[in-house]
Structures are given as C-alpha cells and as structure tokens.
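Chemist: Got a file for you: start-v1.txt, compact mmCIF, C-alpha atoms.
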# COMPACT_ATOMS: atom_id res chain seq x y z
CA MET A 1 -40.99 43.74 169.29
CA GLY A 2 -40.32 42.32 172.74
CA GLN A 3 -36.63 41.79 172.06
CA ALA A 4 -36.39 45.30 170.60
CA MET A 5 -37.82 46.83 173.77
CA ILE A 6 -35.40 44.84 175.92
CA LEU A 7 -32.48 45.85 173.70
CA PHE A 8 -33.42 49.55 173.78
CA ALA A 9 -33.84 49.41 177.56
CA GLN A 10 -30.43 47.79 177.98
CA PHE A 11 -28.80 50.34 175.71
CA PHE A 12 -30.55 53.60 176.65
CA THR A 13 -31.33 53.10 180.35
CA ARG A 14 -29.78 51.79 183.53
CA ILE A 15 -32.59 49.28 183.97
CA SER A 16 -31.01 45.87 184.48
CA ILE A 17 -32.56 43.20 182.24
CA PRO A 18 -30.43 40.02 182.33
CA ILE A 19 -31.49 38.73 178.94
CA GLU A 20 -28.97 38.22 176.14
CA ILE A 21 -30.01 39.61 172.77
CA LYS A 22 -28.14 38.16 169.82
CA ASP A 23 -27.34 39.89 166.52
CA VAL A 24 -27.56 43.31 168.20
CA THR A 25 -26.57 45.38 165.17
CA ASN A 26 -29.33 44.06 162.93
CA LYS A 27 -31.87 44.11 165.74
CA PHE A 28 -31.16 47.80 166.29
CA LYS A 29 -31.46 48.68 162.63
CA ASN A 30 -34.50 46.52 161.91
CA ASN A 31 -36.56 47.64 164.91
CA ILE A 32 -36.31 51.42 164.70
CA GLN A 33 -40.06 51.49 164.01
CA TYR A 34 -40.53 50.74 167.72
CA PHE A 35 -38.26 53.59 168.86
CA SER A 36 -41.06 56.05 169.60
CA LEU A 37 -43.07 53.37 171.38
CA PHE A 38 -40.07 52.56 173.57
CA GLY A 39 -39.66 56.26 174.36
CA LEU A 40 -43.34 56.47 175.27
CA LEU A 41 -43.18 53.44 177.57
CA LEU A 42 -40.11 54.83 179.31
CA GLY A 43 -41.89 58.19 179.48
CA CYS A 44 -44.91 56.57 181.14
CA ILE A 45 -42.67 55.25 183.91
CA GLU A 46 -41.25 58.71 184.46
CA ALA A 47 -44.72 60.26 184.20
CA LEU A 48 -45.97 58.01 187.02
CA ILE A 49 -43.05 59.14 189.15
CA PHE A 50 -43.85 62.77 188.33
CA TRP A 51 -47.51 62.20 189.20
CA GLY A 52 -46.53 60.74 192.55
CA PHE A 53 -44.32 63.67 193.44
CA ALA A 54 -46.94 66.13 192.15
CA SER A 55 -49.33 64.82 194.80
CA ILE A 56 -46.82 65.78 197.50
CA PHE A 57 -44.90 68.81 196.23
CA PRO A 58 -45.75 71.91 194.17
CA LEU A 59 -45.93 71.17 190.45
CA TRP A 60 -42.79 73.15 189.64
CA PHE A 61 -40.75 71.10 192.11
CA ALA A 62 -42.22 67.82 190.84
CA TRP A 63 -41.15 68.98 187.35
CA VAL A 64 -37.58 69.45 188.59
CA ILE A 65 -37.61 65.97 190.14
CA TYR A 66 -38.86 64.58 186.82
CA TRP A 67 -35.70 65.76 185.08
CA VAL A 68 -33.53 64.43 187.88
CA THR A 69 -35.32 61.08 187.58
CA ASP A 70 -34.79 61.06 183.81
CA GLY A 71 -31.05 61.61 184.27
CA LEU A 72 -30.78 58.83 186.84
CA LEU A 73 -32.89 56.37 184.87
CA THR A 74 -31.03 56.89 181.59
CA GLY A 75 -27.62 57.40 183.12
CA GLY A 76 -27.36 60.73 181.32
CA PHE A 77 -26.87 58.86 178.04
CA HIS A 78 -27.84 61.73 175.75
CA LEU A 79 -26.51 64.37 178.14
CA ASP A 80 -22.99 63.05 177.69
CA ALA A 81 -23.43 63.36 173.92
CA LEU A 82 -24.77 66.90 174.31
CA ALA A 83 -21.76 67.94 176.37
CA ASP A 84 -19.28 66.37 173.93
CA THR A 85 -21.03 67.98 170.96
CA ALA A 86 -21.00 71.41 172.61
CA ASP A 87 -17.30 71.06 173.41
CA GLY A 88 -16.52 70.15 169.82
CA LEU A 89 -18.78 72.42 167.78
CA PHE A 90 -18.09 75.51 169.89
CA SER A 91 -14.34 74.99 170.11
CA ALA A 92 -13.70 77.25 167.08
CA ARG A 93 -11.28 74.64 165.73
CA LYS A 94 -10.92 72.86 162.42
CA PRO A 95 -13.35 69.98 161.77
CA GLU A 96 -10.83 67.22 162.48
CA LYS A 97 -9.91 68.83 165.79
CA MET A 98 -13.62 69.15 166.64
CA LYS A 99 -14.02 65.41 166.13
CA ALA A 100 -11.03 64.72 168.38
CA ILE A 101 -12.48 66.95 171.10
CA MET A 102 -15.81 65.09 170.94
CA HIS A 103 -14.00 61.80 171.40
CA ASP A 104 -12.23 63.14 174.49
CA SER A 105 -14.03 61.86 177.59
CA ARG A 106 -13.12 64.96 179.61
CA LEU A 107 -15.74 67.68 180.10
CA GLY A 108 -14.81 71.10 178.74
CA THR A 109 -16.15 74.58 179.38
CA MET A 110 -18.69 74.59 176.56
CA GLY A 111 -19.86 71.11 177.47
CA ALA A 112 -20.49 72.20 181.04
CA LEU A 113 -22.29 75.33 179.85
CA GLY A 114 -24.34 73.24 177.43
CA LEU A 115 -25.61 71.07 180.29
CA VAL A 116 -26.35 74.10 182.46
CA TYR A 117 -28.22 75.83 179.62
CA PHE A 118 -30.17 72.64 178.88
CA TYR A 119 -31.47 72.29 182.41
CA LEU A 120 -32.16 76.00 182.79
CA ILE A 121 -34.30 75.98 179.64
CA VAL A 122 -36.26 72.76 180.24
CA ILE A 123 -36.89 73.53 183.90
CA GLY A 124 -37.73 77.16 183.16
CA CYS A 125 -40.18 76.17 180.43
CA GLY A 126 -41.80 73.69 182.79
CA ILE A 127 -42.31 76.38 185.41
CA VAL A 128 -44.03 78.52 182.77
CA ILE A 129 -46.23 75.62 181.66
CA CYS A 130 -47.14 74.29 185.12
CA ASN A 131 -49.68 77.03 185.73
CA GLN A 132 -51.23 76.71 182.26
CA LEU A 133 -52.09 72.99 182.04
CA PRO A 134 -54.34 70.68 184.04
CA LEU A 135 -52.49 67.97 185.97
CA TRP A 136 -53.45 65.14 183.59
CA GLN A 137 -52.02 67.03 180.63
CA LEU A 138 -48.86 67.91 182.53
CA VAL A 139 -48.40 64.23 183.38
CA GLY A 140 -48.89 63.45 179.68
CA LEU A 141 -46.31 66.09 178.78
CA THR A 142 -43.66 64.35 180.87
CA ALA A 143 -44.29 61.09 179.00
CA VAL A 144 -44.22 62.91 175.67
CA MET A 145 -40.93 64.65 176.48
CA THR A 146 -39.17 61.35 177.01
CA MET A 147 -40.62 60.02 173.76
CA VAL A 148 -39.65 63.16 171.83
CA ALA A 149 -35.96 62.58 172.51
CA LYS A 150 -36.09 59.17 170.80
CA THR A 151 -38.42 60.26 168.00
CA GLY A 152 -36.24 63.26 167.22
CA ILE A 153 -33.17 61.06 166.95
CA ALA A 154 -34.99 58.77 164.51
CA LEU A 155 -35.34 61.71 162.11
CA LEU A 156 -31.56 61.78 161.67
CA PHE A 157 -31.50 58.15 160.54
CA TYR A 158 -33.09 59.10 157.21
CA LYS A 159 -30.35 58.48 154.61
CA MET A 160 -27.87 59.02 157.41
CA VAL A 161 -24.38 60.17 156.53
CA TYR A 162 -21.87 58.87 159.08
CA ASN A 163 -18.54 60.68 159.57
CA GLY A 164 -16.65 57.88 161.28
CA GLU A 165 -15.52 54.31 160.72
CA ASN A 166 -17.07 51.35 162.53
CA GLY A 167 -18.21 53.53 165.41
CA LEU A 168 -21.32 52.98 167.48
CA ALA A 169 -23.52 55.16 165.27
CA SER A 170 -22.65 53.09 162.20
CA ILE A 171 -25.32 50.58 163.26
CA TRP A 172 -27.96 53.05 162.07
CA ILE A 173 -26.65 53.43 158.54
CA GLY A 174 -29.19 52.16 156.05
CA VAL A 175 -32.30 52.25 158.23
CA LYS A 176 -35.28 51.82 155.91
CA THR A 177 -37.41 54.92 155.42
CA TRP A 178 -40.69 53.22 156.33
CA ARG A 179 -39.34 52.38 159.78
CA ILE A 180 -38.56 56.05 160.38
CA VAL A 181 -42.01 57.05 159.12
CA VAL A 182 -43.65 54.69 161.62
CA THR A 183 -41.79 56.36 164.50
CA GLN A 184 -43.03 59.75 163.35
CA VAL A 185 -46.63 58.61 162.94
CA VAL A 186 -46.66 57.15 166.47
CA ALA A 187 -45.23 60.38 167.84
CA VAL A 188 -47.71 62.59 165.98
CA VAL A 189 -50.69 60.53 167.15
CA VAL A 190 -49.57 60.58 170.79
CA ILE A 191 -48.62 64.26 170.79
CA GLY A 192 -51.85 65.26 169.08
CA ALA A 193 -53.93 63.24 171.55
CA VAL A 194 -52.21 64.63 174.65
CA LEU A 195 -51.18 68.16 173.69
CA GLN A 196 -53.48 69.01 170.76
CA TRP A 197 -52.41 71.40 168.00
CA GLN A 198 -49.95 73.22 170.24
CA GLY A 199 -47.98 70.02 170.64
CA LEU A 200 -48.08 69.27 166.91
CA VAL A 201 -46.73 72.72 166.07
CA SER A 202 -43.98 72.21 168.64
CA TYR A 203 -43.03 68.89 167.07
CA LEU A 204 -43.02 70.47 163.61
CA ALA A 205 -40.39 72.87 164.96
CA ILE A 206 -38.20 69.86 165.79
CA ILE A 207 -38.49 68.57 162.22
CA VAL A 208 -37.50 71.95 160.80
CA PHE A 209 -34.63 72.33 163.26
CA GLY A 210 -33.51 68.76 162.52
CA TYR A 211 -33.27 69.52 158.80
CA PHE A 212 -30.84 72.39 159.37
CA TYR A 213 -28.98 70.54 162.14
CA ARG A 214 -28.39 67.64 159.78
CA ARG A 215 -27.21 69.92 156.97
CA TYR A 216 -24.88 71.79 159.34
CA ASN A 217 -23.21 68.60 160.54
CA ILE A 218 -22.81 67.22 157.04
CA HIS A 219 -21.34 70.51 155.82
CA LEU A 220 -18.99 71.00 158.78
CA LEU A 221 -18.08 67.47 159.86
CA LYS A 222 -18.92 65.53 156.68
CA GLY A 223 -21.66 63.66 158.49
CA LEU A 224 -23.18 62.72 161.81
CA SER A 225 -21.52 60.93 164.71
CA GLY A 226 -22.78 59.14 167.79
CA ASP A 227 -22.34 62.32 169.81
CA THR A 228 -24.15 64.65 167.41
CA ILE A 229 -26.98 62.15 167.05
CA GLY A 230 -27.35 61.72 170.80
CA ALA A 231 -27.18 65.45 171.38
CA PHE A 232 -30.12 65.94 169.06
CA GLY A 233 -32.28 63.97 171.48
CA ASP A 234 -31.79 66.63 174.14
CA LEU A 235 -32.00 69.46 171.62
CA SER A 236 -35.35 68.07 170.45
CA GLN A 237 -36.68 68.40 173.98
CA VAL A 238 -35.38 71.97 174.24
CA ILE A 239 -36.95 73.03 170.93
CA PHE A 240 -40.25 71.34 171.76
CA LEU A 241 -40.54 72.95 175.19
CA LEU A 242 -39.49 76.41 174.00
CA VAL A 243 -42.16 76.43 171.30
CA TYR A 244 -44.83 74.77 173.42
CA SER A 245 -44.34 77.03 176.44
CA GLY A 246 -44.29 80.05 174.14
CA ILE A 247 -47.60 79.07 172.55
CA THR A 248 -49.30 78.32 175.89
CA GLU A 249 -48.10 81.63 177.30
CA VAL A 250 -49.39 83.61 174.31
CA ILE A 251 -52.85 82.00 174.20
CA LYS A 252 -53.51 81.84 177.94
Kindly return the structure encoded in the file as structure tokens.
Modeler:
Amino acid sequence: MGQAMILFAQFFTRISIPIEIKDVTNKFKNNIQYFSLFGLLLGCIEALIFWGFASIFPLWFAWVIYWVTDGLLTGGFHLDALADTADGLFSARKPEKMKAIMHDSRLGTMGALGLVYFYLIVIGCGIVICNQLPLWQLVGLTAVMTMVAKTGIALLFYKMVYNGENGLASIWIGVKTWRIVVTQVVAVVVIGAVLQWQGLVSYLAIIVFGYFYRRYNIHLLKGLSGDTIGAFGDLSQVIFLLVYSGITEVIK
C-alpha cells in the first residue's frame, strides 16, 4: 500500500517524492483498491488548509482558496483533461476529429468555457452550502470532494473499453472488479459518516451519471480515453455538489 500511495502522489500531484517505483503499470492496475484512500488522504491535506483559512477569512472565501489550493497541489491534472474533453466532444465534428482535437495541447473555446463553468458551479455550490453546515462538516466536505474525484474515476475502470493504442489510460484495462468495489465501499463509508444520507444520495447521482457518461463515450468514440476518464473526476465533483447543495437548500 505504501508504494501505491507514493506512486499515486507522484502521478496525480505536484508533491515531490524522490523514490523510484518499479513496474509502474502493474502497480497502478493492482492497487486501484487504494484509490479512494489516496484521494481521502490528499483531501485531508487540503481540508487542513481550508480549516486554517476558515479561521481567518469568511467561509465562502476559504472555500474559494480551497479550490485554488487543489489546482496548485494537483497541477490541474484533471482540469486539463476536462478542457480537452470539452473541446473535443463539443466541437460538432466526426469522432476521429474529436479524438484529434483532444490530443491537441492547445486550449480551445469550449475547453476554456468548460473550466469557467466548472469553477462557477463548484464555487457557487460552496457559497450555498457554507451557511447550511457546521464548520466541522464543511471541513469534512472539502476532504470528501477531493476523494470523490478519484472514486468517480474508479467507476469507469469497470470492464473499461479503451479507444486508443498504448496510451496512458491503457494501464487501467483489466482492473479486477473487486478492487473497484473496495474503492466504492471506502467512499460510501466516509461519505455516509461525514455527510449522512444527503451525501450518499449525492454520490448515487455520480454512479447514475457515470453509467450514461460511459455509454455515451463508448457509443460516440468507441471507448474511453485518458482525457475522458480524467474529465470524469471533475464532473463527479460537479454532480456531487449540485445534488448536495440542492438537497441542503431544500431541507434547510
């Protein structure tokens, strides 16, 4: 487990850990069961930062800083995938051209709009929630949000259909189902403990959305790619916060 955590940190964050991990491909595939735990540990770091800023600034501003911190700590890893996916899927081109657009490192109009919409939604939802939750639960929510991005991605690994050849995402082909189930169980336990039934309903929305997202990509692009998988991490956060903020607003 220790090597898995180091490998995930090296891959998904900008945290410098000068330790060489050998047989990276198999280590990735055979340690997916720790994916949610890694997301939670990373989330706890960000939650502590949020807690510190919340003791100085208004909660809504601390929430904004949390998302800035997340982008800096992860290097915008999933955000880049979200932008590329938005550029490709909303280009109104043929599937092969969509794939080519996703592989283009330049940022297009829809990619830029996708990033703007993402931050508007997650920050807006946080402003709605800030006045509804006690501080301890809001701190827990920041940790959960970071975890949700990784747990959501793990859903797509189930019998994953890859639309490329020897690309980065190919390392997740053939992930055993039980490993994916473990990630979901960890997420459900943590979400239920911190956010109660409202959080569980919000996570259920991610599972439902993920089912249709997966089907859409397989139908349109003949499978998933590194970009569409990474983008789902951010989309999972958006879906979770939209549902959770909606529920808390209705029952307040």
Chemist: Please, what distance in Å, to one decimal, runs between CA of Ile45 in chain A and CA of Ile123 in chain A?
Modeler: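 It comes out at 19.2 Å.
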Chemist: Looking at A:Leu79, A:Ile247, A:Leu221, A:Ile32, which one is nearest to Tyr117 in chain A, with distances taken over all atoms listed in the file?
Modeler: A:Leu79
Chemist: Go through A:Leu224, A:Leu241, A:Ile218, A:Ala112 one by one, measure the shortest atom-to-atom distance of each to Ile153 in chain A using all atoms listed in the file, and give the residue with the smallest value.
Modeler: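 Counting all atoms listed in the file, the residue closest to Ile153 in chain A is A:Leu224.
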Chemist: Using all atoms listed in the file, find the one residue out of A:Val175, A:Val208, A:Leu133, A:Ala83 that sits nearest to Leu113 in chain A.
Modeler: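 Going through A:Val175, A:Val208, A:Leu133, A:Ala83 one by one, the smallest distance to Leu113 in chain A is for A:Ala83.
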Chemist: Counting all atoms listed in the file, figure out which residue out of A:Asn30, A:Asn131, A:Thr142, A:Gln10 gets nearest to Asp70 in chain A.
Modeler: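 Nearest candidate to Asp70 in chain A out of A:Asn30, A:Asn131, A:Thr142, A:Gln10: A:Thr142.
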Chemist: Compare A:Thr151, A:Gln198, A:Asn163, A:Ser91 by their minimum atom-to-atom distance to Gln33 in chain A, counting only C-alpha atoms, and give me the closest one.
Modeler: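 For Gln33 in chain A, the nearest of the candidates is A:Thr151.
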Chemist: Find the residues around Ala187 in chain A up to 10 Å (all atoms listed in the file counted), leave out those fewer than 4 positions away in its own chain, and share them as a PDB file with C-alpha atoms, keeping the file's coordinate frame.
Modeler:
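The resulting file, out05.pdb, is shown below:
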ATOM      1  CA  PHE A  35     -38.260  53.590 168.860  1.00  0.00           C
ATOM      2  CA  SER A  36     -41.060  56.050 169.600  1.00  0.00           C
ATOM      3  CA  LEU A  37     -43.070  53.370 171.380  1.00  0.00           C
ATOM      4  CA  GLY A  39     -39.660  56.260 174.360  1.00  0.00           C
ATOM      5  CA  LEU A  40     -43.340  56.470 175.270  1.00  0.00           C
ATOM      6  CA  VAL A 144     -44.220  62.910 175.670  1.00  0.00           C
ATOM      7  CA  MET A 147     -40.620  60.020 173.760  1.00  0.00           C
ATOM      8  CA  VAL A 148     -39.650  63.160 171.830  1.00  0.00           C
ATOM      9  CA  LYS A 150     -36.090  59.170 170.800  1.00  0.00           C
ATOM     10  CA  THR A 151     -38.420  60.260 168.000  1.00  0.00           C
ATOM     11  CA  GLY A 152     -36.240  63.260 167.220  1.00  0.00           C
ATOM     12  CA  VAL A 181     -42.010  57.050 159.120  1.00  0.00           C
ATOM     13  CA  VAL A 182     -43.650  54.690 161.620  1.00  0.00           C
ATOM     14  CA  THR A 183     -41.790  56.360 164.500  1.00  0.00           C
ATOM     15  CA  ILE A 191     -48.620  64.260 170.790  1.00  0.00           C
ATOM     16  CA  GLY A 192     -51.850  65.260 169.080  1.00  0.00           C
ATOM     17  CA  ALA A 193     -53.930  63.240 171.550  1.00  0.00           C
ATOM     18  CA  LEU A 200     -48.080  69.270 166.910  1.00  0.00           C
ATOM     19  CA  TYR A 203     -43.030  68.890 167.070  1.00  0.00           C
TER      20      TYR A 203
END
Chemist: Please indicate the distance in Å from CA of Asp227 in chain A to CA of Ala47 in chain A, rounded to one decimal place.
Modeler: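 Rounded to one decimal, the two atoms are 26.7 Å apart.
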Chemist: So, with all atoms listed in the file as the atoms that count, which of A:Leu220, A:Val68, A:Ala9, A:Ala143 lies closest to Tyr119 in chain A?
Modeler: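 Looking at the shortest contact to Tyr119 in chain A, the residue is A:Val68.
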Chemist: Give me the range 175-237 of chain A side of the contact with range 73-78 of chain A, cut-off 10 Å, one line per residue showing its nearest atom pair and distance in Å at one decimal, counting all atoms listed in the file, sorted by chain and residue number, as a tab-separated table.
Modeler:
residue	atom	partner	partner_atom	distance
A:Gly226	CA	A:His78	CA	9.8
A:Asp227	CA	A:His78	CA	8.1
A:Thr228	CA	A:His78	CA	9.6
A:Ile229	CA	A:His78	CA	8.8
A:Gly230	CA	A:His78	CA	5.0
A:Ala231	CA	A:His78	CA	5.8
A:Phe232	CA	A:His78	CA	8.2
A:Gly233	CA	A:His78	CA	6.6
A:Asp234	CA	A:His78	CA	6.5
A:Leu235	CA	A:His78	CA	9.7
Chemist: CA of Lys159 in chain A and CA of Ile180 in chain A, how far apart in Å?
Modeler: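 One can read the CA of Ile180 in chain A to CA of Lys159 in chain A distance as 10.3 Å.
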Chemist: I want to know what sits within 10 Å of Leu204 in chain A, based on only C-alpha atoms, with residues of the same chain fewer than 3 positions away left out; could you give that as a tab-separated table (two decimals) with C-alpha atoms, in the frame of the given file?
Modeler:
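Wrote it out as part04.tsv, contents follow:
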chain	number	residue	atom	x	y	z
A	188	VAL	CA	-47.71	62.59	165.98
A	198	GLN	CA	-49.95	73.22	170.24
A	199	GLY	CA	-47.98	70.02	170.64
A	200	LEU	CA	-48.08	69.27	166.91
A	201	VAL	CA	-46.73	72.72	166.07
A	207	ILE	CA	-38.49	68.57	162.22
A	208	VAL	CA	-37.50	71.95	160.80
A	209	PHE	CA	-34.63	72.33	163.26
A	210	GLY	CA	-33.51	68.76	162.52
A	239	ILE	CA	-36.95	73.03	170.93
A	240	PHE	CA	-40.25	71.34	171.76
A	243	VAL	CA	-42.16	76.43	171.30
Chemist: Please provide as a CSV table (one decimal) with C-alpha atoms, keeping the file's coordinate frame all residues within 10 Å of range 55-66 of chain A, with the sequence filter that same-chain residues fewer than 6 positions apart are discarded (counting all atoms listed in the file).
Modeler:
chain,number,residue,atom,x,y,z
A,46,GLU,CA,-41.2,58.7,184.5
A,47,ALA,CA,-44.7,60.3,184.2
A,48,LEU,CA,-46.0,58.0,187.0
A,49,ILE,CA,-43.0,59.1,189.2
A,72,LEU,CA,-30.8,58.8,186.8
A,119,TYR,CA,-31.5,72.3,182.4
A,122,VAL,CA,-36.3,72.8,180.2
A,123,ILE,CA,-36.9,73.5,183.9
A,124,GLY,CA,-37.7,77.2,183.2
A,126,GLY,CA,-41.8,73.7,182.8
A,127,ILE,CA,-42.3,76.4,185.4
A,128,VAL,CA,-44.0,78.5,182.8
A,129,ILE,CA,-46.2,75.6,181.7
A,130,CYS,CA,-47.1,74.3,185.1
A,131,ASN,CA,-49.7,77.0,185.7
A,135,LEU,CA,-52.5,68.0,186.0
A,138,LEU,CA,-48.9,67.9,182.5
A,139,VAL,CA,-48.4,64.2,183.4
A,142,THR,CA,-43.7,64.4,180.9
Chemist: Padding 6 Å on every side, please: axis-aligned box over the listed atoms of range 140-147 of chain A, centre and edge lengths to one decimal in Å, as lines of an AutoDock Vina configuration file.
Modeler:
center_x = -44.0
center_y = 63.1
center_z = 177.3
size_x = 21.7
size_y = 18.1
size_z = 19.1
Chemist: I'd like the neighbourhood of Met110 in chain A as an NGL selection string, where a residue qualifies if any of its atoms comes within 10 Å (using only C-alpha atoms), though same-chain residues fewer than 4 positions away should be ignored.
Modeler: :A and (83-91 or 114-116)
Chemist: Rebuild range 17-33 of chain A to N, CA and C atoms - output it as a PDB file, in the coordinates of the input, please.
Modeler:
ATOM      1  N   ILE A  17     -31.750  44.294 182.794  1.00  0.00           N
ATOM      2  CA  ILE A  17     -32.560  43.200 182.240  1.00  0.00           C
ATOM      3  C   ILE A  17     -31.591  42.107 181.809  1.00  0.00           C
ATOM      4  N   PRO A  18     -31.434  41.075 182.610  1.00  0.00           N
ATOM      5  CA  PRO A  18     -30.430  40.020 182.330  1.00  0.00           C
ATOM      6  C   PRO A  18     -30.858  39.044 181.250  1.00  0.00           C
ATOM      7  N   ILE A  19     -31.109  39.568 180.075  1.00  0.00           N
ATOM      8  CA  ILE A  19     -31.490  38.730 178.940  1.00  0.00           C
ATOM      9  C   ILE A  19     -30.551  39.039 177.781  1.00  0.00           C
ATOM     10  N   GLU A  20     -29.917  38.014 177.242  1.00  0.00           N
ATOM     11  CA  GLU A  20     -28.970  38.220 176.140  1.00  0.00           C
ATOM     12  C   GLU A  20     -29.725  38.337 174.817  1.00  0.00           C
ATOM     13  N   ILE A  21     -29.425  39.408 174.097  1.00  0.00           N
ATOM     14  CA  ILE A  21     -30.010  39.610 172.770  1.00  0.00           C
ATOM     15  C   ILE A  21     -28.906  39.382 171.737  1.00  0.00           C
ATOM     16  N   LYS A  22     -29.141  38.469 170.829  1.00  0.00           N
ATOM     17  CA  LYS A  22     -28.140  38.160 169.820  1.00  0.00           C
ATOM     18  C   LYS A  22     -28.362  39.009 168.558  1.00  0.00           C
ATOM     19  N   ASP A  23     -27.303  39.125 167.773  1.00  0.00           N
ATOM     20  CA  ASP A  23     -27.340  39.890 166.520  1.00  0.00           C
ATOM     21  C   ASP A  23     -27.817  41.319 166.788  1.00  0.00           C
ATOM     22  N   VAL A  24     -27.141  41.988 167.715  1.00  0.00           N
ATOM     23  CA  VAL A  24     -27.560  43.310 168.200  1.00  0.00           C
ATOM     24  C   VAL A  24     -27.627  44.344 167.078  1.00  0.00           C
ATOM     25  N   THR A  25     -26.623  44.358 166.221  1.00  0.00           N
ATOM     26  CA  THR A  25     -26.570  45.380 165.170  1.00  0.00           C
ATOM     27  C   THR A  25     -27.811  45.346 164.282  1.00  0.00           C
ATOM     28  N   ASN A  26     -28.159  44.176 163.793  1.00  0.00           N
ATOM     29  CA  ASN A  26     -29.330  44.060 162.930  1.00  0.00           C
ATOM     30  C   ASN A  26     -30.625  44.293 163.683  1.00  0.00           C
ATOM     31  N   LYS A  27     -30.666  43.888 164.944  1.00  0.00           N
ATOM     32  CA  LYS A  27     -31.870  44.110 165.740  1.00  0.00           C
ATOM     33  C   LYS A  27     -32.110  45.603 165.936  1.00  0.00           C
ATOM     34  N   PHE A  28     -31.029  46.351 166.178  1.00  0.00           N
ATOM     35  CA  PHE A  28     -31.160  47.800 166.290  1.00  0.00           C
ATOM     36  C   PHE A  28     -31.727  48.393 165.010  1.00  0.00           C
ATOM     37  N   LYS A  29     -31.101  48.071 163.908  1.00  0.00           N
ATOM     38  CA  LYS A  29     -31.460  48.680 162.630  1.00  0.00           C
ATOM     39  C   LYS A  29     -32.866  48.279 162.175  1.00  0.00           C
ATOM     40  N   ASN A  30     -33.236  47.037 162.431  1.00  0.00           N
ATOM     41  CA  ASN A  30     -34.500  46.520 161.910  1.00  0.00           C
ATOM     42  C   ASN A  30     -35.673  46.713 162.857  1.00  0.00           C
ATOM     43  N   ASN A  31     -35.462  47.416 163.963  1.00  0.00           N
ATOM     44  CA  ASN A  31     -36.560  47.640 164.910  1.00  0.00           C
ATOM     45  C   ASN A  31     -36.728  49.117 165.277  1.00  0.00           C
ATOM     46  N   ILE A  32     -36.188  49.988 164.447  1.00  0.00           N
ATOM     47  CA  ILE A  32     -36.310  51.420 164.700  1.00  0.00           C
ATOM     48  C   ILE A  32     -37.780  51.860 164.704  1.00  0.00           C
ATOM     49  N   GLN A  33     -38.645  51.121 164.033  1.00  0.00           N
ATOM     50  CA  GLN A  33     -40.060  51.490 164.010  1.00  0.00           C
ATOM     51  C   GLN A  33     -40.697  51.455 165.402  1.00  0.00           C
TER      52      GLN A  33
END
